[in-house]
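Trainee: Got a structure for you, query03.txt, holding compact mmCIF, C-alpha atoms (C1' of nucleotides).
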# COMPACT_ATOMS: atom_id res chain seq x y z
CA MET A 849 0.00 0.00 0.00
CA THR A 850 2.85 2.34 0.82
CA THR A 851 4.85 1.08 -2.14
CA ASP A 852 3.28 2.13 -5.39
CA ALA A 853 4.14 2.47 -9.07
CA ALA A 854 4.19 6.25 -8.79
CA THR A 855 6.04 6.13 -5.47
CA LEU A 856 8.88 3.96 -6.68
CA LYS A 857 9.91 6.48 -9.31
CA ARG A 858 11.54 8.74 -6.75
CA PRO A 859 11.56 8.50 -2.94
CA LEU A 860 9.25 10.99 -1.25
CA ARG A 861 9.89 12.91 1.90
CA ALA A 862 8.25 11.25 4.91
CA ASP A 863 5.47 13.83 5.30
CA ALA A 864 4.87 13.94 1.55
CA GLN A 865 4.56 10.16 1.50
CA ARG A 866 2.12 10.30 4.38
CA ASN A 867 -0.01 12.85 2.54
CA TYR A 868 0.16 10.89 -0.70
CA ASP A 869 -1.05 7.70 0.95
CA LYS A 870 -3.77 9.46 2.90
CA ILE A 871 -5.08 11.19 -0.25
CA VAL A 872 -5.22 7.90 -2.17
CA GLN A 873 -6.97 6.16 0.71
CA VAL A 874 -9.55 8.91 1.15
CA ALA A 875 -10.02 9.18 -2.63
CA ALA A 876 -10.75 5.46 -2.98
CA GLN A 877 -13.49 5.78 -0.38
CA ALA A 878 -14.88 9.00 -1.86
CA PHE A 879 -15.01 7.58 -5.40
CA ALA A 880 -16.74 4.46 -4.09
CA GLU A 881 -19.32 6.55 -2.26
CA LYS A 882 -19.95 9.43 -4.64
CA GLY A 883 -18.74 8.03 -7.93
CA THR A 884 -15.95 9.06 -10.28
CA GLY A 885 -16.98 12.69 -10.18
CA ALA A 886 -16.49 13.17 -6.44
CA SER A 887 -15.29 16.61 -5.40
CA LEU A 888 -11.49 16.83 -5.36
CA ASP A 889 -11.68 19.73 -2.94
CA ASP A 890 -13.66 17.56 -0.57
CA ILE A 891 -11.14 14.73 -0.88
CA ALA A 892 -8.27 17.08 -0.09
CA CYS A 893 -10.17 18.43 2.90
CA ARG A 894 -11.00 14.97 4.25
CA ALA A 895 -7.36 13.95 3.81
CA GLY A 896 -6.32 16.94 5.89
CA VAL A 897 -4.39 18.70 3.11
CA GLY A 898 -4.95 21.81 1.02
CA PRO A 899 -6.15 21.48 -2.57
CA GLY A 900 -2.73 22.57 -3.78
CA THR A 901 -1.11 19.48 -2.25
CA LEU A 902 -3.58 17.21 -3.99
CA TYR A 903 -2.94 18.88 -7.35
CA ARG A 904 0.80 18.64 -6.86
CA HIS A 905 0.63 14.86 -6.50
CA PHE A 906 -2.20 14.34 -9.00
CA PRO A 907 -2.35 16.97 -11.75
CA THR A 908 -5.55 15.53 -13.20
CA ARG A 909 -8.59 13.68 -11.91
CA ASP A 910 -7.54 10.67 -13.97
CA ALA A 911 -4.18 10.56 -12.19
CA LEU A 912 -5.91 10.32 -8.82
CA LEU A 913 -8.43 7.83 -10.17
CA ALA A 914 -5.62 5.65 -11.49
CA ALA A 915 -3.91 5.59 -8.10
CA ALA A 916 -7.14 4.98 -6.16
CA LEU A 917 -8.42 2.21 -8.42
CA HIS A 918 -5.09 0.50 -8.93
CA GLY A 919 -5.89 -2.35 -6.57
CA ALA A 920 -9.37 -3.01 -7.93
CA LEU A 921 -8.10 -3.02 -11.51
CA ASP A 922 -5.24 -5.35 -10.64
CA GLU A 923 -7.75 -7.98 -9.47
CA LEU A 924 -8.78 -8.28 -13.11
CA GLY A 925 -5.32 -9.59 -13.89
CA ASP A 926 -5.92 -12.56 -11.57
CA THR A 927 -9.28 -13.22 -13.17
CA ALA A 928 -7.71 -13.13 -16.62
CA ARG A 929 -5.03 -15.66 -15.63
CA ARG A 930 -7.68 -17.98 -14.18
CA LEU A 931 -9.81 -17.80 -17.32
CA MET A 932 -6.86 -18.39 -19.65
CA ALA A 933 -6.39 -21.71 -17.83
CA ALA A 934 -10.06 -22.66 -18.11
CA ASP A 935 -11.18 -25.54 -20.35
CA ASP A 936 -13.75 -23.86 -22.60
CA PRO A 937 -12.44 -20.73 -24.37
CA ALA A 938 -15.94 -19.61 -25.38
CA ALA A 939 -17.30 -19.91 -21.84
CA ALA A 940 -14.18 -18.17 -20.55
CA LEU A 941 -14.87 -15.19 -22.82
CA ASP A 942 -18.49 -15.01 -21.64
CA GLU A 943 -17.36 -15.04 -18.02
CA TRP A 944 -14.69 -12.42 -18.70
CA ILE A 945 -17.25 -10.11 -20.29
CA LEU A 946 -19.59 -10.51 -17.32
CA GLU A 947 -16.83 -10.06 -14.76
CA LEU A 948 -15.48 -7.00 -16.53
CA ALA A 949 -18.91 -5.38 -16.75
CA ARG A 950 -19.44 -6.05 -13.03
CA HIS A 951 -16.11 -4.43 -12.15
CA LEU A 952 -16.92 -1.37 -14.21
CA ARG A 953 -20.26 -1.00 -12.48
CA THR A 954 -18.85 -1.01 -8.95
CA TYR A 955 -17.95 2.68 -9.02
CA GLY A 956 -20.46 5.22 -10.32
CA GLY A 957 -19.30 6.85 -13.54
CA LEU A 958 -16.39 4.45 -13.95
CA PRO A 959 -17.39 3.15 -17.40
CA GLU A 960 -17.32 6.71 -18.64
CA SER A 961 -13.97 7.58 -17.08
CA ILE A 962 -12.37 4.45 -18.47
CA ALA A 963 -13.89 4.80 -21.92
CA THR A 964 -12.35 8.26 -22.16
CA ALA A 965 -9.01 7.10 -20.75
CA LEU A 966 -8.74 4.20 -23.21
CA GLN A 967 -8.79 6.74 -26.02
CA ASP A 968 -5.63 8.40 -24.73
CA PRO A 969 -2.55 6.17 -24.20
CA SER A 970 -0.80 8.91 -22.21
CA SER A 971 -3.54 8.90 -19.57
CA PRO A 972 -2.40 7.37 -16.25
CA LEU A 973 -5.80 5.72 -15.92
CA CYS A 974 -5.18 4.04 -19.28
CA THR A 975 -1.96 2.61 -17.84
CA SER A 976 -3.80 1.30 -14.77
CA CYS A 977 -6.24 -0.40 -17.14
CA GLN A 978 -3.48 -2.55 -18.58
CA PRO A 979 -4.67 -5.74 -16.80
CA MET A 980 -8.07 -5.12 -18.34
CA THR A 981 -6.96 -4.46 -21.91
CA ALA A 982 -4.39 -7.27 -21.83
CA GLY A 983 -6.99 -9.67 -20.42
CA THR A 984 -9.50 -8.89 -23.14
CA ALA A 985 -6.87 -9.26 -25.86
CA LYS A 986 -5.64 -12.66 -24.63
CA ILE A 987 -9.02 -14.20 -23.84
CA LEU A 988 -10.52 -12.96 -27.09
CA ALA A 989 -7.60 -14.30 -29.11
CA ARG A 990 -7.98 -17.71 -27.50
CA ALA A 991 -11.75 -17.75 -28.20
CA LYS A 992 -11.05 -16.78 -31.81
CA GLU A 993 -8.56 -19.63 -32.26
CA ALA A 994 -11.18 -22.01 -30.92
CA GLY A 995 -13.56 -20.69 -33.59
CA ALA A 996 -16.00 -19.37 -31.01
CA VAL A 997 -15.89 -15.76 -32.17
CA ARG A 998 -15.88 -14.14 -35.59
CA ALA A 999 -12.38 -13.28 -36.74
CA ASP A 1000 -13.22 -9.64 -37.45
CA VAL A 1001 -14.07 -8.84 -33.82
CA GLN A 1002 -11.38 -6.59 -32.39
CA ALA A 1003 -10.35 -6.27 -28.75
CA SER A 1004 -11.01 -2.53 -28.83
CA ASP A 1005 -14.54 -3.21 -30.10
CA LEU A 1006 -15.11 -5.64 -27.30
CA ASN A 1007 -13.86 -3.23 -24.64
CA ALA A 1008 -16.05 -0.47 -26.03
CA LEU A 1009 -18.99 -2.85 -26.10
CA ILE A 1010 -18.56 -4.08 -22.53
CA GLY A 1011 -17.97 -0.56 -21.33
CA SER A 1012 -21.13 0.65 -22.99
CA LEU A 1013 -23.16 -2.19 -21.49
CA ALA A 1014 -21.79 -1.45 -18.03
CA TRP A 1015 -22.63 2.19 -18.59
CA ALA A 1016 -26.21 1.43 -19.65
CA SER A 1017 -26.85 -0.95 -16.78
CA GLU A 1018 -25.44 1.57 -14.33
CA ARG A 1019 -27.68 4.29 -15.74
CA ARG A 1020 -30.74 2.08 -15.42
CA GLY A 1021 -29.81 0.87 -11.96
CA ASP A 1022 -30.07 -2.68 -13.23
CA SER A 1023 -29.82 -5.69 -10.95
CA ASP A 1024 -27.09 -8.24 -11.57
CA ALA A 1025 -29.68 -10.50 -13.20
CA ALA A 1026 -30.69 -7.70 -15.55
CA LEU A 1027 -27.04 -7.09 -16.44
CA ARG A 1028 -26.59 -10.76 -17.28
CA ARG A 1029 -29.68 -10.63 -19.46
CA LEU A 1030 -28.46 -7.54 -21.32
CA ILE A 1031 -25.06 -9.13 -21.88
CA LYS A 1032 -26.58 -12.38 -23.08
CA LEU A 1033 -28.70 -10.34 -25.47
CA VAL A 1034 -25.55 -8.95 -27.02
CA THR A 1035 -23.34 -12.02 -27.00
CA ASP A 1036 -26.00 -14.28 -28.44
CA GLY A 1037 -27.27 -11.74 -30.91
CA LEU A 1038 -30.84 -10.77 -31.55
CA ARG A 1039 -31.75 -13.43 -34.11
CA PRO A 1040 -33.82 -16.39 -32.83
CA LEU A 1041 -31.82 -18.97 -34.75
CA SER A 1042 -28.46 -17.51 -33.87
CA VAL A 1043 -27.74 -19.62 -30.79
CA VAL A 1044 -25.61 -22.50 -31.95
CA GLU A 1045 -24.68 -24.28 -28.74
CA MET B 1293 -41.68 27.62 -34.80
CA THR B 1294 -43.64 30.22 -32.80
CA THR B 1295 -46.38 27.68 -31.94
CA ASP B 1296 -45.14 25.04 -29.58
CA ALA B 1297 -46.46 22.37 -27.21
CA ALA B 1298 -45.47 24.40 -24.19
CA THR B 1299 -46.69 27.62 -25.78
CA LEU B 1300 -50.18 26.38 -26.52
CA LYS B 1301 -50.92 25.63 -22.87
CA ARG B 1302 -51.44 29.29 -22.04
CA PRO B 1303 -50.95 32.36 -24.20
CA LEU B 1304 -47.76 34.28 -23.36
CA ARG B 1305 -47.34 38.00 -23.35
CA ALA B 1306 -45.74 39.22 -26.57
CA ASP B 1307 -42.33 40.00 -25.06
CA ALA B 1308 -42.32 36.75 -23.08
CA GLN B 1309 -43.11 34.82 -26.25
CA ARG B 1310 -40.30 36.60 -28.04
CA ASN B 1311 -37.87 35.69 -25.28
CA TYR B 1312 -39.10 32.10 -25.16
CA ASP B 1313 -38.58 31.61 -28.88
CA LYS B 1314 -35.20 33.31 -28.86
CA ILE B 1315 -33.99 31.15 -25.96
CA VAL B 1316 -35.08 27.93 -27.70
CA GLN B 1317 -33.43 29.00 -30.94
CA VAL B 1318 -30.15 29.95 -29.28
CA ALA B 1319 -30.24 26.81 -27.13
CA ALA B 1320 -30.62 24.52 -30.14
CA GLN B 1321 -27.54 26.10 -31.68
CA ALA B 1322 -25.56 26.01 -28.44
CA PHE B 1323 -26.39 22.36 -27.77
CA ALA B 1324 -25.40 21.48 -31.33
CA GLU B 1325 -22.09 23.29 -30.94
CA LYS B 1326 -21.07 22.50 -27.37
CA GLY B 1327 -23.13 19.42 -26.61
CA THR B 1328 -25.87 18.73 -24.09
CA GLY B 1329 -23.85 20.26 -21.28
CA ALA B 1330 -23.61 23.75 -22.79
CA SER B 1331 -23.63 26.60 -20.26
CA LEU B 1332 -27.17 27.80 -19.54
CA ASP B 1333 -25.79 31.15 -18.44
CA ASP B 1334 -24.15 31.53 -21.79
CA ILE B 1335 -27.37 30.61 -23.61
CA ALA B 1336 -29.30 33.22 -21.62
CA CYS B 1337 -26.65 35.80 -22.38
CA ARG B 1338 -26.60 35.04 -26.10
CA ALA B 1339 -30.41 35.20 -26.17
CA GLY B 1340 -30.21 38.66 -24.61
CA VAL B 1341 -32.00 37.74 -21.38
CA GLY B 1342 -30.96 37.31 -17.76
CA PRO B 1343 -30.47 33.84 -16.32
CA GLY B 1344 -33.63 34.32 -14.24
CA THR B 1345 -35.76 34.57 -17.37
CA LEU B 1346 -34.32 31.35 -18.71
CA TYR B 1347 -35.01 29.52 -15.45
CA ARG B 1348 -38.55 30.86 -15.33
CA HIS B 1349 -39.35 29.29 -18.70
CA PHE B 1350 -37.23 26.18 -18.25
CA PRO B 1351 -36.81 25.10 -14.63
CA THR B 1352 -34.40 22.30 -15.54
CA ARG B 1353 -31.82 21.63 -18.25
CA ASP B 1354 -33.97 18.79 -19.51
CA ALA B 1355 -36.90 21.14 -20.01
CA LEU B 1356 -34.80 23.35 -22.27
CA LEU B 1357 -33.31 20.34 -24.03
CA ALA B 1358 -36.78 18.98 -24.69
CA ALA B 1359 -37.88 22.25 -26.29
CA ALA B 1360 -34.69 22.67 -28.31
CA LEU B 1361 -34.59 19.10 -29.63
CA HIS B 1362 -38.30 18.79 -30.27
CA GLY B 1363 -37.94 19.19 -34.02
CA ALA B 1364 -35.06 16.77 -34.37
CA LEU B 1365 -36.83 14.12 -32.31
CA ASP B 1366 -40.04 14.53 -34.26
CA GLU B 1367 -38.19 13.55 -37.43
CA LEU B 1368 -37.86 10.09 -35.94
CA GLY B 1369 -41.64 9.78 -36.07
CA ASP B 1370 -41.52 10.12 -39.87
CA THR B 1371 -38.76 7.54 -40.10
CA ALA B 1372 -40.79 5.13 -37.95
CA ARG B 1373 -43.83 5.51 -40.17
CA ARG B 1374 -41.76 4.87 -43.29
CA LEU B 1375 -40.18 1.75 -41.81
CA MET B 1376 -43.51 0.34 -40.61
CA ALA B 1377 -44.58 0.40 -44.25
CA ALA B 1378 -41.41 -1.33 -45.48
CA ASP B 1379 -41.48 -4.87 -46.87
CA ASP B 1380 -38.95 -6.65 -44.67
CA PRO B 1381 -39.63 -6.27 -40.91
CA ALA B 1382 -36.14 -7.54 -39.97
CA ALA B 1383 -34.38 -5.12 -42.33
CA ALA B 1384 -36.66 -2.35 -41.08
CA LEU B 1385 -35.54 -3.01 -37.50
CA ASP B 1386 -31.88 -2.92 -38.52
CA GLU B 1387 -32.39 0.37 -40.31
CA TRP B 1388 -34.29 1.81 -37.34
CA ILE B 1389 -31.49 0.87 -34.98
CA LEU B 1390 -28.91 2.51 -37.23
CA GLU B 1391 -31.01 5.62 -37.81
CA LEU B 1392 -31.71 5.99 -34.10
CA ALA B 1393 -28.05 5.63 -33.17
CA ARG B 1394 -27.15 8.25 -35.77
CA HIS B 1395 -29.71 10.69 -34.38
CA LEU B 1396 -28.43 10.20 -30.84
CA ARG B 1397 -24.89 10.90 -32.00
CA THR B 1398 -25.67 14.24 -33.66
CA TYR B 1399 -25.51 16.20 -30.38
CA GLY B 1400 -22.65 15.60 -27.96
CA GLY B 1401 -23.80 14.02 -24.72
CA LEU B 1402 -27.30 13.36 -26.07
CA PRO B 1403 -27.25 9.58 -25.49
CA GLU B 1404 -26.51 10.25 -21.85
CA SER B 1405 -29.20 12.90 -21.42
CA ILE B 1406 -31.80 10.71 -23.06
CA ALA B 1407 -30.82 7.57 -21.17
CA THR B 1408 -31.35 9.46 -17.92
CA ALA B 1409 -34.60 11.01 -19.11
CA LEU B 1410 -36.06 7.66 -20.19
CA GLN B 1411 -35.74 6.50 -16.57
CA ASP B 1412 -38.07 9.26 -15.39
CA PRO B 1413 -41.53 9.48 -17.04
CA SER B 1414 -42.12 12.93 -15.55
CA SER B 1415 -39.11 14.38 -17.38
CA PRO B 1416 -40.08 16.72 -20.23
CA LEU B 1417 -37.28 15.25 -22.32
CA CYS B 1418 -38.85 11.83 -21.85
CA THR B 1419 -42.07 13.24 -23.30
CA SER B 1420 -40.22 14.66 -26.30
CA CYS B 1421 -38.75 11.21 -26.87
CA GLN B 1422 -42.18 9.73 -27.44
CA PRO B 1423 -41.64 9.38 -31.23
CA MET B 1424 -38.49 7.43 -30.42
CA THR B 1425 -39.94 5.08 -27.81
CA ALA B 1426 -43.12 4.52 -29.80
CA GLY B 1427 -41.10 3.83 -32.93
CA THR B 1428 -38.93 1.22 -31.25
CA ALA B 1429 -41.95 -0.49 -29.71
CA LYS B 1430 -43.87 -0.74 -33.00
CA ILE B 1431 -40.97 -1.76 -35.23
CA LEU B 1432 -39.70 -4.29 -32.70
CA ALA B 1433 -43.17 -5.83 -32.28
CA ARG B 1434 -43.48 -6.22 -36.05
CA ALA B 1435 -40.05 -7.86 -36.28
CA LYS B 1436 -40.99 -10.22 -33.47
CA GLU B 1437 -44.22 -11.25 -35.22
CA ALA B 1438 -42.18 -12.01 -38.32
CA GLY B 1439 -39.98 -14.24 -36.17
CA ALA B 1440 -36.90 -12.14 -36.81
CA VAL B 1441 -36.19 -11.35 -33.17
CA ARG B 1442 -36.29 -13.43 -30.00
CA ALA B 1443 -39.57 -13.01 -28.12
CA ASP B 1444 -37.87 -12.08 -24.86
CA VAL B 1445 -36.25 -8.93 -26.25
CA GLN B 1446 -37.98 -5.91 -24.71
CA ALA B 1447 -38.29 -2.45 -26.22
CA SER B 1448 -36.64 -0.90 -23.15
CA ASP B 1449 -33.69 -3.27 -23.61
CA LEU B 1450 -33.37 -2.23 -27.21
CA ASN B 1451 -33.48 1.47 -26.42
CA ALA B 1452 -30.86 1.04 -23.73
CA LEU B 1453 -28.74 -0.98 -26.12
CA ILE B 1454 -28.92 1.51 -28.97
CA GLY B 1455 -28.33 4.38 -26.57
CA SER B 1456 -25.25 2.69 -25.18
CA LEU B 1457 -23.88 2.02 -28.67
CA ALA B 1458 -24.44 5.63 -29.67
CA TRP B 1459 -22.72 6.68 -26.47
CA ALA B 1460 -19.71 4.43 -27.09
CA SER B 1461 -19.31 5.51 -30.71
CA GLU B 1462 -19.58 9.16 -29.70
CA ARG B 1463 -16.91 8.66 -27.01
CA ARG B 1464 -14.60 6.99 -29.48
CA GLY B 1465 -15.24 9.56 -32.18
CA ASP B 1466 -16.16 6.73 -34.51
CA SER B 1467 -16.87 7.26 -38.18
CA ASP B 1468 -20.25 6.30 -39.57
CA ALA B 1469 -18.70 3.14 -40.98
CA ALA B 1470 -17.33 2.23 -37.55
CA LEU B 1471 -20.74 2.80 -36.03
CA ARG B 1472 -22.32 0.47 -38.56
CA ARG B 1473 -19.71 -2.17 -37.78
CA LEU B 1474 -20.31 -1.89 -34.02
CA ILE B 1475 -24.06 -2.16 -34.51
CA LYS B 1476 -23.72 -5.13 -36.83
CA LEU B 1477 -21.52 -6.78 -34.21
CA VAL B 1478 -24.37 -6.51 -31.74
CA THR B 1479 -27.32 -7.33 -33.95
CA ASP B 1480 -25.67 -10.34 -35.50
CA GLY B 1481 -24.13 -11.60 -32.30
CA LEU B 1482 -20.55 -12.62 -31.75
CA ARG B 1483 -20.78 -16.31 -32.75
CA PRO B 1484 -19.43 -17.18 -36.21
CA LEU B 1485 -22.36 -19.45 -37.09
CA SER B 1486 -24.97 -17.06 -35.81
CA VAL B 1487 -25.73 -15.30 -39.08
CA VAL B 1488 -28.75 -17.00 -40.54
CA GLU B 1489 -29.51 -14.89 -43.59
C1' DA C 1218 -47.26 38.92 -14.57
C1' DC C 1219 -42.89 39.04 -16.22
C1' DC C 1220 -38.07 40.54 -16.63
C1' DT C 1221 -33.72 41.98 -14.57
C1' DG C 1222 -29.30 41.33 -12.72
C1' DA C 1223 -26.95 41.23 -8.39
C1' DA C 1224 -25.89 37.71 -5.06
C1' DC C 1225 -25.14 33.11 -3.67
C1' DA C 1226 -23.13 28.55 -3.10
C1' DC C 1227 -20.79 25.71 -5.28
C1' DC C 1228 -17.13 23.74 -8.59
C1' DG C 1229 -11.80 23.02 -10.16
C1' DT C 1230 -7.32 25.44 -10.48
C1' DT C 1231 -3.47 28.41 -9.58
C1' DC C 1232 0.16 30.59 -7.13
C1' DA C 1233 2.55 33.62 -3.85
C1' DA C 1234 3.94 32.97 0.74
C1' DG C 1235 5.54 30.15 4.12
C1' DT C 1236 8.44 25.93 6.30
C1' DA D 596 11.43 20.62 -2.07
C1' DC D 597 7.06 20.54 -0.35
C1' DC D 598 2.88 22.31 1.93
C1' DT D 599 -0.52 25.93 2.73
C1' DG D 600 -4.62 28.40 1.92
C1' DA D 601 -6.18 32.59 -0.09
C1' DA D 602 -7.64 33.99 -4.60
C1' DC D 603 -9.44 33.17 -9.04
C1' DA D 604 -12.55 32.02 -12.79
C1' DC D 605 -15.90 29.51 -13.62
C1' DC D 606 -20.45 26.87 -12.96
C1' DG D 607 -25.98 26.71 -11.90
C1' DT D 608 -29.57 28.86 -9.01
C1' DT D 609 -32.25 32.12 -6.40
C1' DC D 610 -34.66 36.23 -5.32
C1' DA D 611 -35.52 41.11 -4.19
C1' DA D 612 -36.24 44.99 -6.97
C1' DG D 613 -38.00 46.89 -10.86
C1' DT D 614 -41.56 47.52 -15.07
Would you mind writing the file's structure down as structure tokens?

Mentor:
Amino acid sequence: MTTDAATLKRPLRADAQRNYDKIVQVAAQAFAEKGTGASLDDIACRAGVGPGTLYRHFPTRDALLAAALHGALDELGDTARRLMAADDPAAALDEWILELARHLRTYGGLPESIATALQDPSSPLCTSCQPMTAGTAKILARAKEAGAVRADVQASDLNALIGSLAWASERRGDSDAALRRLIKLVTDGLRPLSVVE
Amino acid sequence: MTTDAATLKRPLRADAQRNYDKIVQVAAQAFAEKGTGASLDDIACRAGVGPGTLYRHFPTRDALLAAALHGALDELGDTARRLMAADDPAAALDEWILELARHLRTYGGLPESIATALQDPSSPLCTSCQPMTAGTAKILARAKEAGAVRADVQASDLNALIGSLAWASERRGDSDAALRRLIKLVTDGLRPLSVVE
DNA sequence: ACCTGAACACCGTTCAAGT
DNA sequence: ACCTGAACACCGTTCAAGT
């Protein structure tokens, strides 16, 4: 927790390190409670620092988001490894899509923040999403090789698609069952004869 | 242009009517330029009125949006009528989905505004979306009867789905061709053997 | 009745002054 | 170097004062 990608770059003075950690901790809680758009001023205040200190460490909202969500996004890496070892590549892809959508729904506004970040490789949030993008790429490739997915489906399409579904289900306040239904609607397609299994 | 749903309820004094019309006209332009989140203060200023006047006529952003987008949303009614008269119900649904997504993409942030409005029947923007919701319901029902769509697909699902696709393609700055590809990905489903035509 | 615009309570951001 | 917090430039919203 005290060792971090951003921290390892250059050692911080003890009080600066303390502030950094406290801001990240408070931010994670604030984003969870109020969503991705939580007030940065409020976060600084609750962390016991001035807004200037927060902006020094995190020049943009995405930078703070990346630091606060780092742990949650890393969990996706574990999920990806598990699914790459699973027997059925097609089922693994379905589970990945569901799991990813669920993760994106946990924080309000997260699908939107990530969709924007994925567009810009220089965004720190985009970097933190690496377990996600890498996971989609690998699991999709494996499903393609198994002939379970059309060859022209791209990983970026899939990420955009899952993100948009997570966004829609968050907007509608859908239950988990409703999310599964919406996802099944997409993965199976709309045609009645399209289900091959 | 001077006669309007909101206007017909009760006759407005001449200067009030002039202000009302000017605000709607300026708003339509501002929303087209800056997206759904355009500054209301700026709109009031450009219309030559104080912010108080704007808020008197339109208590919420959605109220102003509804008035400004009324014309554009009404066009969808014509499209729906045309497609209900088309030969192939399945092709008509595909075209409706594409046309709807295109409409939602024309104004920045519109998919989001409409997704929120659809959740709340008392929202004026929800009322203005009536041509859209009615169109989806009718065209979907016809496609279902023709056996072209699974029976468990609901109109609200479809609207959420199209809205989310429009949202994603707007976020990514997709071309029209890319939008078509994304939509085809969804309507056909991801499985290689799923295309029945 | 309706319009006006000053005033208010918020945002996020910057930066000179401190340590 | 880093922190501090006042100051700034924006939002949307309200409301007392005018006509």

Trainee: Just the number, please: distance in Å from atom CA of A:Met932 to atom CA of A:Leu1009, one decimal.

Mentor: 20.7 Å

Trainee: Would you kindly report the residues of chain B within 10 Å of chain A, using all atoms listed in the file, as a PDB file with C-alpha atoms, in the frame of the given file?

Mentor:
ATOM      1  CA  ALA B1382     -36.140  -7.540 -39.970  1.00  0.00           C
ATOM      2  CA  GLU B1404     -26.510  10.250 -21.850  1.00  0.00           C
ATOM      3  CA  ALA B1407     -30.820   7.570 -21.170  1.00  0.00           C
ATOM      4  CA  THR B1408     -31.350   9.460 -17.920  1.00  0.00           C
ATOM      5  CA  LEU B1410     -36.060   7.660 -20.190  1.00  0.00           C
ATOM      6  CA  GLN B1411     -35.740   6.500 -16.570  1.00  0.00           C
ATOM      7  CA  LYS B1436     -40.990 -10.220 -33.470  1.00  0.00           C
ATOM      8  CA  GLY B1439     -39.980 -14.240 -36.170  1.00  0.00           C
ATOM      9  CA  ALA B1440     -36.900 -12.140 -36.810  1.00  0.00           C
ATOM     10  CA  VAL B1441     -36.190 -11.350 -33.170  1.00  0.00           C
ATOM     11  CA  ARG B1442     -36.290 -13.430 -30.000  1.00  0.00           C
ATOM     12  CA  ALA B1443     -39.570 -13.010 -28.120  1.00  0.00           C
ATOM     13  CA  ASP B1444     -37.870 -12.080 -24.860  1.00  0.00           C
ATOM     14  CA  VAL B1445     -36.250  -8.930 -26.250  1.00  0.00           C
ATOM     15  CA  ASP B1449     -33.690  -3.270 -23.610  1.00  0.00           C
ATOM     16  CA  LEU B1450     -33.370  -2.230 -27.210  1.00  0.00           C
ATOM     17  CA  ASN B1451     -33.480   1.470 -26.420  1.00  0.00           C
ATOM     18  CA  ALA B1452     -30.860   1.040 -23.730  1.00  0.00           C
ATOM     19  CA  LEU B1453     -28.740  -0.980 -26.120  1.00  0.00           C
ATOM     20  CA  ILE B1454     -28.920   1.510 -28.970  1.00  0.00           C
ATOM     21  CA  GLY B1455     -28.330   4.380 -26.570  1.00  0.00           C
ATOM     22  CA  SER B1456     -25.250   2.690 -25.180  1.00  0.00           C
ATOM     23  CA  LEU B1457     -23.880   2.020 -28.670  1.00  0.00           C
ATOM     24  CA  ALA B1458     -24.440   5.630 -29.670  1.00  0.00           C
ATOM     25  CA  TRP B1459     -22.720   6.680 -26.470  1.00  0.00           C
ATOM     26  CA  ALA B1460     -19.710   4.430 -27.090  1.00  0.00           C
ATOM     27  CA  SER B1461     -19.310   5.510 -30.710  1.00  0.00           C
ATOM     28  CA  ARG B1463     -16.910   8.660 -27.010  1.00  0.00           C
ATOM     29  CA  ARG B1464     -14.600   6.990 -29.480  1.00  0.00           C
ATOM     30  CA  GLY B1465     -15.240   9.560 -32.180  1.00  0.00           C
ATOM     31  CA  ALA B1470     -17.330   2.230 -37.550  1.00  0.00           C
ATOM     32  CA  ARG B1473     -19.710  -2.170 -37.780  1.00  0.00           C
ATOM     33  CA  LEU B1474     -20.310  -1.890 -34.020  1.00  0.00           C
ATOM     34  CA  ILE B1475     -24.060  -2.160 -34.510  1.00  0.00           C
ATOM     35  CA  LYS B1476     -23.720  -5.130 -36.830  1.00  0.00           C
ATOM     36  CA  LEU B1477     -21.520  -6.780 -34.210  1.00  0.00           C
ATOM     37  CA  VAL B1478     -24.370  -6.510 -31.740  1.00  0.00           C
ATOM     38  CA  THR B1479     -27.320  -7.330 -33.950  1.00  0.00           C
ATOM     39  CA  ASP B1480     -25.670 -10.340 -35.500  1.00  0.00           C
ATOM     40  CA  GLY B1481     -24.130 -11.600 -32.300  1.00  0.00           C
ATOM     41  CA  LEU B1482     -20.550 -12.620 -31.750  1.00  0.00           C
ATOM     42  CA  ARG B1483     -20.780 -16.310 -32.750  1.00  0.00           C
ATOM     43  CA  PRO B1484     -19.430 -17.180 -36.210  1.00  0.00           C
ATOM     44  CA  LEU B1485     -22.360 -19.450 -37.090  1.00  0.00           C
ATOM     45  CA  SER B1486     -24.970 -17.060 -35.810  1.00  0.00           C
ATOM     46  CA  VAL B1487     -25.730 -15.300 -39.080  1.00  0.00           C
ATOM     47  CA  VAL B1488     -28.750 -17.000 -40.540  1.00  0.00           C
ATOM     48  CA  GLU B1489     -29.510 -14.890 -43.590  1.00  0.00           C
TER      49      GLU B1489
END

Trainee: Skip C:DC1220 itself and residues of its chain fewer than 5 positions away, then list as a PyMOL selection string all residues within 12 Å of it, counting only C-alpha atoms (C1' of nucleotides).

Mentor: (chain B and resi 1305+1307-1308+1311+1340-1349) or (chain D and resi 612-614)

Trainee: Write out as number ranges by chain which residues come within 9 Å of A:His951 when counting all atoms listed in the file, dropping same-chain ones fewer than 4 positions away.

Mentor: A: 920-921, 924, 946-947, 955, 1014

Trainee: Using only C-alpha atoms (C1' of nucleotides), find the one residue out of B:Ala1469, B:Leu1361, B:Leu1332, B:Ala1429 that sits nearest to D:DT608.

Mentor: B:Leu1332

Trainee: Could you list, as a list in words, every residue of chain C that has an atom within 10 Å of an atom of chain A, counting all atoms listed in the file?

Mentor: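 Within 10 Å of chain A on chain C, we get DC1228, DG1229, DT1230, DT1231 and DC1232 of chain C.
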
Trainee: Restrict the selected residues to C-alpha atoms (C1' of nucleotides) and save them as a compact mmCIF listing (two decimals), in the coordinates of the input.

Mentor:
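Output contents, as saved in part_27.txt:
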# COMPACT_ATOMS: atom_id res chain seq x y z
C1' DC C 1228 -17.13 23.74 -8.59
C1' DG C 1229 -11.80 23.02 -10.16
C1' DT C 1230 -7.32 25.44 -10.48
C1' DT C 1231 -3.47 28.41 -9.58
C1' DC C 1232 0.16 30.59 -7.13
